[in-house]
$ cat start.cif   # mmCIF, C-alpha atoms
data_protein
#
loop_
_atom_site.label_atom_id
_atom_site.label_comp_id
_atom_site.auth_asym_id
_atom_site.auth_seq_id
_atom_site.Cartn_x
_atom_site.Cartn_y
_atom_site.Cartn_z
CA MET A 1 -26.67 -18.36 16.27
CA ASP A 2 -27.31 -18.51 12.56
CA THR A 3 -29.73 -20.50 10.47
CA THR A 4 -27.16 -23.17 9.52
CA VAL A 5 -27.76 -24.77 12.93
CA PHE A 6 -31.12 -26.01 11.63
CA GLU A 7 -29.40 -27.59 8.64
CA GLN A 8 -26.86 -29.21 10.97
CA ILE A 9 -29.54 -30.97 13.04
CA LYS A 10 -31.61 -31.94 10.00
CA ARG A 11 -31.60 -35.63 9.18
CA ILE A 12 -32.44 -37.54 6.01
CA ASN A 13 -34.30 -40.86 6.16
CA GLU A 14 -33.79 -43.87 3.88
CA HIS A 15 -36.37 -42.44 1.45
CA GLY A 16 -34.48 -39.16 1.06
CA GLN A 17 -36.99 -37.19 3.15
CA GLU A 18 -35.76 -34.62 5.62
CA TYR A 19 -36.79 -34.59 9.26
CA TRP A 20 -35.73 -33.20 12.62
CA ARG A 21 -35.74 -34.89 16.03
CA ALA A 22 -37.79 -32.89 18.53
CA ARG A 23 -35.19 -33.25 21.28
CA ASP A 24 -32.51 -31.78 18.99
CA LEU A 25 -34.83 -28.96 17.99
CA MET A 26 -35.71 -28.30 21.64
CA VAL A 27 -32.10 -27.47 22.50
CA THR A 28 -31.65 -25.40 19.34
CA LEU A 29 -34.73 -23.37 20.21
CA GLY A 30 -33.36 -22.57 23.67
CA TYR A 31 -35.60 -24.85 25.73
CA VAL A 32 -34.09 -26.58 28.74
CA GLU A 33 -37.10 -28.59 29.89
CA TRP A 34 -38.99 -31.08 27.73
CA ARG A 35 -42.30 -30.34 29.48
CA LYS A 36 -42.15 -26.67 28.43
CA PHE A 37 -41.17 -27.58 24.90
CA GLU A 38 -43.92 -30.19 24.79
CA GLY A 39 -46.44 -27.35 25.24
CA ALA A 40 -45.20 -25.79 21.99
CA ILE A 41 -45.45 -29.19 20.31
CA GLU A 42 -49.04 -29.67 21.48
CA ARG A 43 -50.04 -26.20 20.24
CA ALA A 44 -48.32 -26.95 16.92
CA LYS A 45 -50.19 -30.27 16.62
CA GLU A 46 -53.47 -28.44 17.25
CA ALA A 47 -52.61 -25.90 14.54
CA CYS A 48 -51.72 -28.77 12.21
CA THR A 49 -55.08 -30.45 12.80
CA ASN A 50 -56.98 -27.17 12.43
CA SER A 51 -55.29 -26.57 9.07
CA GLY A 52 -56.63 -29.89 7.79
CA GLN A 53 -53.29 -31.74 7.93
CA SER A 54 -52.70 -35.10 9.58
CA THR A 55 -50.50 -34.84 12.66
CA LYS A 56 -49.26 -38.38 11.95
CA ASP A 57 -47.71 -37.10 8.71
CA HIS A 58 -45.76 -34.36 10.48
CA PHE A 59 -45.26 -35.46 14.11
CA ALA A 60 -44.15 -39.10 14.11
CA GLY A 61 -43.83 -40.47 17.61
CA ALA A 62 -40.39 -41.77 18.47
CA ALA A 63 -38.35 -42.64 21.52
CA LYS A 64 -34.80 -41.88 22.48
CA MET A 65 -32.51 -43.49 25.03
CA ILE A 66 -30.76 -41.06 27.37
CA LYS A 67 -28.27 -41.46 30.21
CA ILE A 68 -29.76 -40.92 33.65
CA ALA A 69 -26.67 -41.57 35.74
CA THR A 70 -23.00 -41.06 35.17
CA GLY A 71 -19.99 -42.40 36.98
CA THR A 72 -21.48 -45.80 37.62
CA PRO A 73 -19.85 -48.93 36.19
CA LYS A 74 -22.85 -49.45 33.98
CA GLU A 75 -24.40 -46.13 33.02
CA ALA A 76 -28.15 -46.21 33.47
CA MET A 77 -30.32 -45.39 30.49
CA ARG A 78 -34.00 -44.71 30.12
CA GLU A 79 -36.36 -44.18 27.24
CA VAL A 80 -37.86 -40.72 26.73
CA ASP A 81 -40.49 -39.41 24.32
CA ASP A 82 -39.34 -37.81 21.11
CA TYR A 83 -40.78 -37.00 17.68
CA TYR A 84 -39.58 -37.09 14.13
CA LEU A 85 -40.73 -33.77 12.75
CA SER A 86 -41.36 -32.63 9.19
CA ARG A 87 -40.32 -29.16 8.07
CA TYR A 88 -43.96 -28.13 8.44
CA ALA A 89 -44.05 -29.43 12.03
CA CYS A 90 -40.87 -27.49 12.88
CA TYR A 91 -42.39 -24.36 11.37
CA LEU A 92 -45.54 -24.79 13.46
CA ILE A 93 -43.51 -25.39 16.62
CA ALA A 94 -41.51 -22.24 15.94
CA GLN A 95 -44.76 -20.33 15.41
CA ASN A 96 -46.11 -21.67 18.71
CA GLY A 97 -42.92 -21.36 20.74
CA ASP A 98 -41.98 -18.81 23.40
CA PRO A 99 -41.83 -15.50 21.49
CA ARG A 100 -39.40 -14.03 24.06
CA LYS A 101 -36.64 -16.37 22.88
CA LYS A 102 -34.34 -15.04 20.16
CA GLU A 103 -33.91 -18.63 18.97
CA ILE A 104 -37.64 -18.82 18.25
CA ALA A 105 -37.52 -15.68 16.09
CA LEU A 106 -34.57 -17.14 14.18
CA ALA A 107 -36.40 -20.44 13.72
CA GLN A 108 -39.55 -18.68 12.52
CA THR A 109 -37.52 -16.88 9.88
CA TYR A 110 -35.55 -19.95 8.86
CA PHE A 111 -38.53 -22.27 8.47
CA ALA A 112 -40.67 -19.63 6.75
CA VAL A 113 -37.91 -18.89 4.22
CA GLN A 114 -37.06 -22.56 3.65
CA THR A 115 -40.73 -23.49 3.27
CA ARG A 116 -41.15 -20.73 0.70
CA LYS A 117 -38.06 -21.95 -1.18
CA GLN A 118 -39.44 -25.48 -1.25
CA GLU A 119 -42.84 -24.27 -2.46
CA THR A 120 -41.15 -22.25 -5.19
CA GLN A 121 -39.09 -25.26 -6.29
CA GLU A 122 -42.20 -27.44 -6.39
CA PHE A 123 -44.04 -24.77 -8.42
CA LEU A 124 -41.15 -24.52 -10.89
CA HIS A 125 -41.04 -28.31 -11.17
CA GLU A 126 -44.76 -28.36 -12.00
CA LEU A 127 -44.25 -25.65 -14.63
CA PHE A 128 -41.36 -27.63 -16.10
CA GLU A 129 -43.54 -30.75 -16.29
CA GLU A 130 -46.33 -28.77 -17.99
CA ASP A 131 -43.82 -27.36 -20.50
CA ARG A 132 -42.46 -30.86 -21.17
CA ALA A 133 -45.98 -32.19 -21.79
CA ARG A 134 -46.75 -29.24 -24.09
CA LEU A 135 -43.56 -29.80 -26.08
CA ALA A 136 -44.27 -33.53 -26.38
CA PHE A 137 -47.77 -32.70 -27.65
CA ARG A 138 -46.31 -30.29 -30.23
CA GLU A 139 -43.84 -32.93 -31.42
CA ASP A 140 -46.71 -35.39 -31.76
CA ILE A 141 -48.72 -32.91 -33.85
CA LYS A 142 -45.68 -32.17 -36.06
CA GLU A 143 -45.16 -35.88 -36.70
CA LYS A 144 -48.83 -36.39 -37.55
CA ASN A 145 -48.75 -33.39 -39.92
CA ARG A 146 -45.66 -34.85 -41.65
CA LYS A 147 -47.55 -38.12 -42.18
CA LEU A 148 -50.65 -36.26 -43.39
CA PHE A 149 -48.68 -34.24 -45.93
CA GLY A 150 -46.80 -37.35 -47.04
CA THR A 151 -50.11 -39.10 -47.66
CA ALA A 152 -51.50 -36.00 -49.42
CA LYS A 153 -48.44 -35.84 -51.68
CA SER A 154 -48.74 -39.54 -52.52
CA VAL A 155 -52.31 -39.00 -53.81
CA GLY A 156 -51.37 -35.97 -55.94
CA VAL A 157 -51.98 -32.91 -53.71
CA SER A 158 -49.67 -30.10 -54.82
CA ASP A 159 -51.25 -27.05 -53.15
CA TYR A 160 -50.44 -27.84 -49.50
CA ALA A 161 -51.58 -24.46 -48.12
CA ASN A 162 -55.04 -24.86 -49.65
CA PHE A 163 -55.15 -28.53 -48.64
CA GLN A 164 -54.26 -27.69 -45.03
CA SER A 165 -56.95 -25.02 -44.68
CA ARG A 166 -59.65 -27.10 -46.46
CA HIS A 167 -59.18 -30.56 -44.96
CA PHE A 168 -60.40 -29.38 -41.57
CA TYR A 169 -63.79 -28.45 -43.04
CA ILE A 170 -64.58 -31.73 -44.82
CA LYS A 171 -67.72 -33.32 -43.38
#

$ encode --input "start.cif" --output "structure tokens"
Amino acid sequence: MDTTVFEQIKRINEHGQEYWRARDLMVTLGYVEWRKFEGAIERAKEACTNSGQSTKDHFAGAAKMIKIATGTPKEAMREVDDYYLSRYACYLIAQNGDPRKKEIALAQTYFAVQTRKQETQEFLHELFEEDRARLAFREDIKEKNRKLFGTAKSVGVSDYANFQSRHFYIK
């Protein structure tokens, strides 16, 4: 099993946000029974709350229809609990899963690395925005200086270096 399996079960909602269905993640993490996996989810929710995050933001309740009988003319279905999970929720579930499972170790690595990549991208985006604001400010100052020197020239200033250093000290 490689980390691409987590990308394969990832979904994107109508707002472009990624999420995972808990029942898909359960299978990927090597769980056979929902009740055992639900223990990892509950521990993850507790960790989420204790870290000051809202569980509603990361563990959205959902339902899923599953087949309960096969071979009948009309296959019986029933609704089962499920969750839409954020990347953070998946990471917490992996951290709180059964450490004896190799799939859990793989998930811990995948979600830790992917979370770090996302944090790095967000940090770089913030730096880019700061640089853009700084450059816009510089352009604004350059334009104002051009206007100032144009006005100074129109009133007869010829020594711009002296004018520039002195006009800041006028009271």

$ resolve_selection --input "start.cif" --expression "the PyMOL selection byres ((chain A and resi 16-26) around 6)" --output "VMD selection string"
chain A and resid 10 to 15 27 to 29 31 82 to 86

$ write_last_selection --input "start.cif" --atoms "C-alpha atoms" --output "short mmCIF file (atom, residue, chain, number, x, y, z; two decimals), in the frame of the given file"
data_model
loop_
_atom_site.label_atom_id
_atom_site.label_comp_id
_atom_site.auth_asym_id
_atom_site.auth_seq_id
_atom_site.Cartn_x
_atom_site.Cartn_y
_atom_site.Cartn_z
CA LYS A 10 -31.61 -31.94 10.00
CA ARG A 11 -31.60 -35.63 9.18
CA ILE A 12 -32.44 -37.54 6.01
CA ASN A 13 -34.30 -40.86 6.16
CA GLU A 14 -33.79 -43.87 3.88
CA HIS A 15 -36.37 -42.44 1.45
CA VAL A 27 -32.10 -27.47 22.50
CA THR A 28 -31.65 -25.40 19.34
CA LEU A 29 -34.73 -23.37 20.21
CA TYR A 31 -35.60 -24.85 25.73
CA ASP A 82 -39.34 -37.81 21.11
CA TYR A 83 -40.78 -37.00 17.68
CA TYR A 84 -39.58 -37.09 14.13
CA LEU A 85 -40.73 -33.77 12.75
CA SER A 86 -41.36 -32.63 9.19
#

$ residues_around --input "start.cif" --residues "Ala105 of chain A" --least-positions-apart "2" --cutoff "12 Å" --atoms "only C-alpha atoms" --output "list in words"
Met1, Asp2, Thr3, Thr28, Leu29, Gly30, Tyr91, Ile93, Ala94, Gln95, Asn96, Gly97, Asp98, Pro99, Arg100, Lys101, Lys102, Glu103, Ala107, Gln108, Thr109, Tyr110, Phe111 and Ala112 of chain A

$ write_last_selection --input "start.cif" --atoms "C-alpha atoms" --output "short mmCIF file (atom, residue, chain, number, x, y, z; two decimals), in the frame of the given file"
data_model
loop_
_atom_site.label_atom_id
_atom_site.label_comp_id
_atom_site.auth_asym_id
_atom_site.auth_seq_id
_atom_site.Cartn_x
_atom_site.Cartn_y
_atom_site.Cartn_z
CA MET A 1 -26.67 -18.36 16.27
CA ASP A 2 -27.31 -18.51 12.56
CA THR A 3 -29.73 -20.50 10.47
CA THR A 28 -31.65 -25.40 19.34
CA LEU A 29 -34.73 -23.37 20.21
CA GLY A 30 -33.36 -22.57 23.67
CA TYR A 91 -42.39 -24.36 11.37
CA ILE A 93 -43.51 -25.39 16.62
CA ALA A 94 -41.51 -22.24 15.94
CA GLN A 95 -44.76 -20.33 15.41
CA ASN A 96 -46.11 -21.67 18.71
CA GLY A 97 -42.92 -21.36 20.74
CA ASP A 98 -41.98 -18.81 23.40
CA PRO A 99 -41.83 -15.50 21.49
CA ARG A 100 -39.40 -14.03 24.06
CA LYS A 101 -36.64 -16.37 22.88
CA LYS A 102 -34.34 -15.04 20.16
CA GLU A 103 -33.91 -18.63 18.97
CA ALA A 107 -36.40 -20.44 13.72
CA GLN A 108 -39.55 -18.68 12.52
CA THR A 109 -37.52 -16.88 9.88
CA TYR A 110 -35.55 -19.95 8.86
CA PHE A 111 -38.53 -22.27 8.47
CA ALA A 112 -40.67 -19.63 6.75
#

$ axis_aligned_box --input "start.cif" --around "segment 37-50 of chain A" --padding-each-side "6 Å" --output "JSON"
{"center_x": -49.1, "center_y": -28.1, "center_z": 18.7, "size_x": 27.8, "size_y": 16.7, "size_z": 25.0}

$ resolve_selection --input "start.cif" --expression "the PyMOL selection byres ((chain A and resi 149) around 12)" --output "PyMOL selection string"
chain A and resi 142-148+150-164+167

$ resolve_selection --input "start.cif" --expression "the PyMOL selection byres ((chain A and resi 66) around 6)" --output "ChimeraX atom specification"
/A:65,67,77-78

$ closest_residue --input "start.cif" --among "A:Ile141, A:Ile104, A:Ala62, A:Ala136" --to "Ala40 of chain A" --atoms "only C-alpha atoms"
A:Ile104

$ closest_residue --input "start.cif" --among "A:Val5, A:Glu129, A:Leu92, A:Gln118" --to "Thr49 of chain A" --atoms "all atoms listed in the file"
A:Leu92

$ atom_distance --input "start.cif" --atom1 "atom CA of Tyr88 of chain A" --atom2 "atom CA of His58 of chain A"
6.8 Å

$ atom_distance --input "start.cif" --atom1 "atom CA of Gly39 of chain A" --atom2 "atom CA of Ile9 of chain A"
21.2 Å

$ atom_distance --input "start.cif" --atom1 "atom CA of Asp81 of chain A" --atom2 "atom CA of Val113 of chain A"
28.8 Å

$ decode --input "start.cif" --residues "segment 100-157 of chain A" --atoms "C-alpha atoms" --output "CSV table (one decimal), in the first residue's frame"
chain,number,residue,atom,x,y,z
A,100,ARG,CA,-0.2,-2.3,15.4
A,101,LYS,CA,-1.6,-1.8,11.9
A,102,LYS,CA,0.8,-1.0,9.1
A,103,GLU,CA,-1.9,1.0,7.4
A,104,ILE,CA,-2.1,3.4,10.4
A,105,ALA,CA,1.7,4.0,10.3
A,106,LEU,CA,1.4,4.8,6.6
A,107,ALA,CA,-1.6,7.1,7.2
A,108,GLN,CA,0.3,8.9,10.0
A,109,THR,CA,3.1,9.6,7.7
A,110,TYR,CA,0.9,10.6,4.8
A,111,PHE,CA,-1.3,13.0,6.7
A,112,ALA,CA,1.7,14.5,8.6
A,113,VAL,CA,3.6,15.2,5.4
A,114,GLN,CA,0.6,16.5,3.5
A,115,THR,CA,-0.4,18.7,6.4
A,116,ARG,CA,3.1,20.1,6.5
A,117,LYS,CA,3.0,20.7,2.7
A,118,GLN,CA,-0.3,22.6,3.1
A,119,GLU,CA,1.1,24.7,6.0
A,120,THR,CA,4.2,25.6,3.9
A,121,GLN,CA,2.0,26.6,0.9
A,122,GLU,CA,-0.1,28.8,3.1
A,123,PHE,CA,3.0,30.4,4.7
A,124,LEU,CA,4.4,31.0,1.2
A,125,HIS,CA,1.1,32.5,0.1
A,126,GLU,CA,1.1,34.9,3.1
A,127,LEU,CA,4.7,35.9,2.3
A,128,PHE,CA,3.7,36.5,-1.3
A,129,GLU,CA,0.8,38.7,-0.2
A,130,GLU,CA,3.1,40.7,2.1
A,131,ASP,CA,5.6,41.2,-0.7
A,132,ARG,CA,2.8,42.3,-3.0
A,133,ALA,CA,1.6,44.8,-0.4
A,134,ARG,CA,5.1,46.1,0.1
A,135,LEU,CA,5.7,46.5,-3.7
A,136,ALA,CA,2.4,48.3,-4.0
A,137,PHE,CA,3.4,50.7,-1.2
A,138,ARG,CA,6.7,51.3,-2.9
A,139,GLU,CA,5.0,52.1,-6.2
A,140,ASP,CA,2.7,54.5,-4.3
A,141,ILE,CA,5.6,56.3,-2.7
A,142,LYS,CA,7.4,56.5,-6.1
A,143,GLU,CA,4.4,58.1,-7.7
A,144,LYS,CA,4.0,60.6,-4.9
A,145,ASN,CA,7.7,61.5,-5.1
A,146,ARG,CA,7.3,62.1,-8.9
A,147,LYS,CA,4.4,64.5,-8.2
A,148,LEU,CA,6.4,66.2,-5.4
A,149,PHE,CA,9.4,66.8,-7.6
A,150,GLY,CA,7.2,67.9,-10.5
A,151,THR,CA,5.6,70.5,-8.2
A,152,ALA,CA,9.0,71.5,-6.9
A,153,LYS,CA,10.3,72.0,-10.4
A,154,SER,CA,7.3,74.1,-11.4
A,155,VAL,CA,8.0,76.5,-8.5
A,156,GLY,CA,11.7,76.9,-9.4
A,157,VAL,CA,13.5,74.3,-7.3
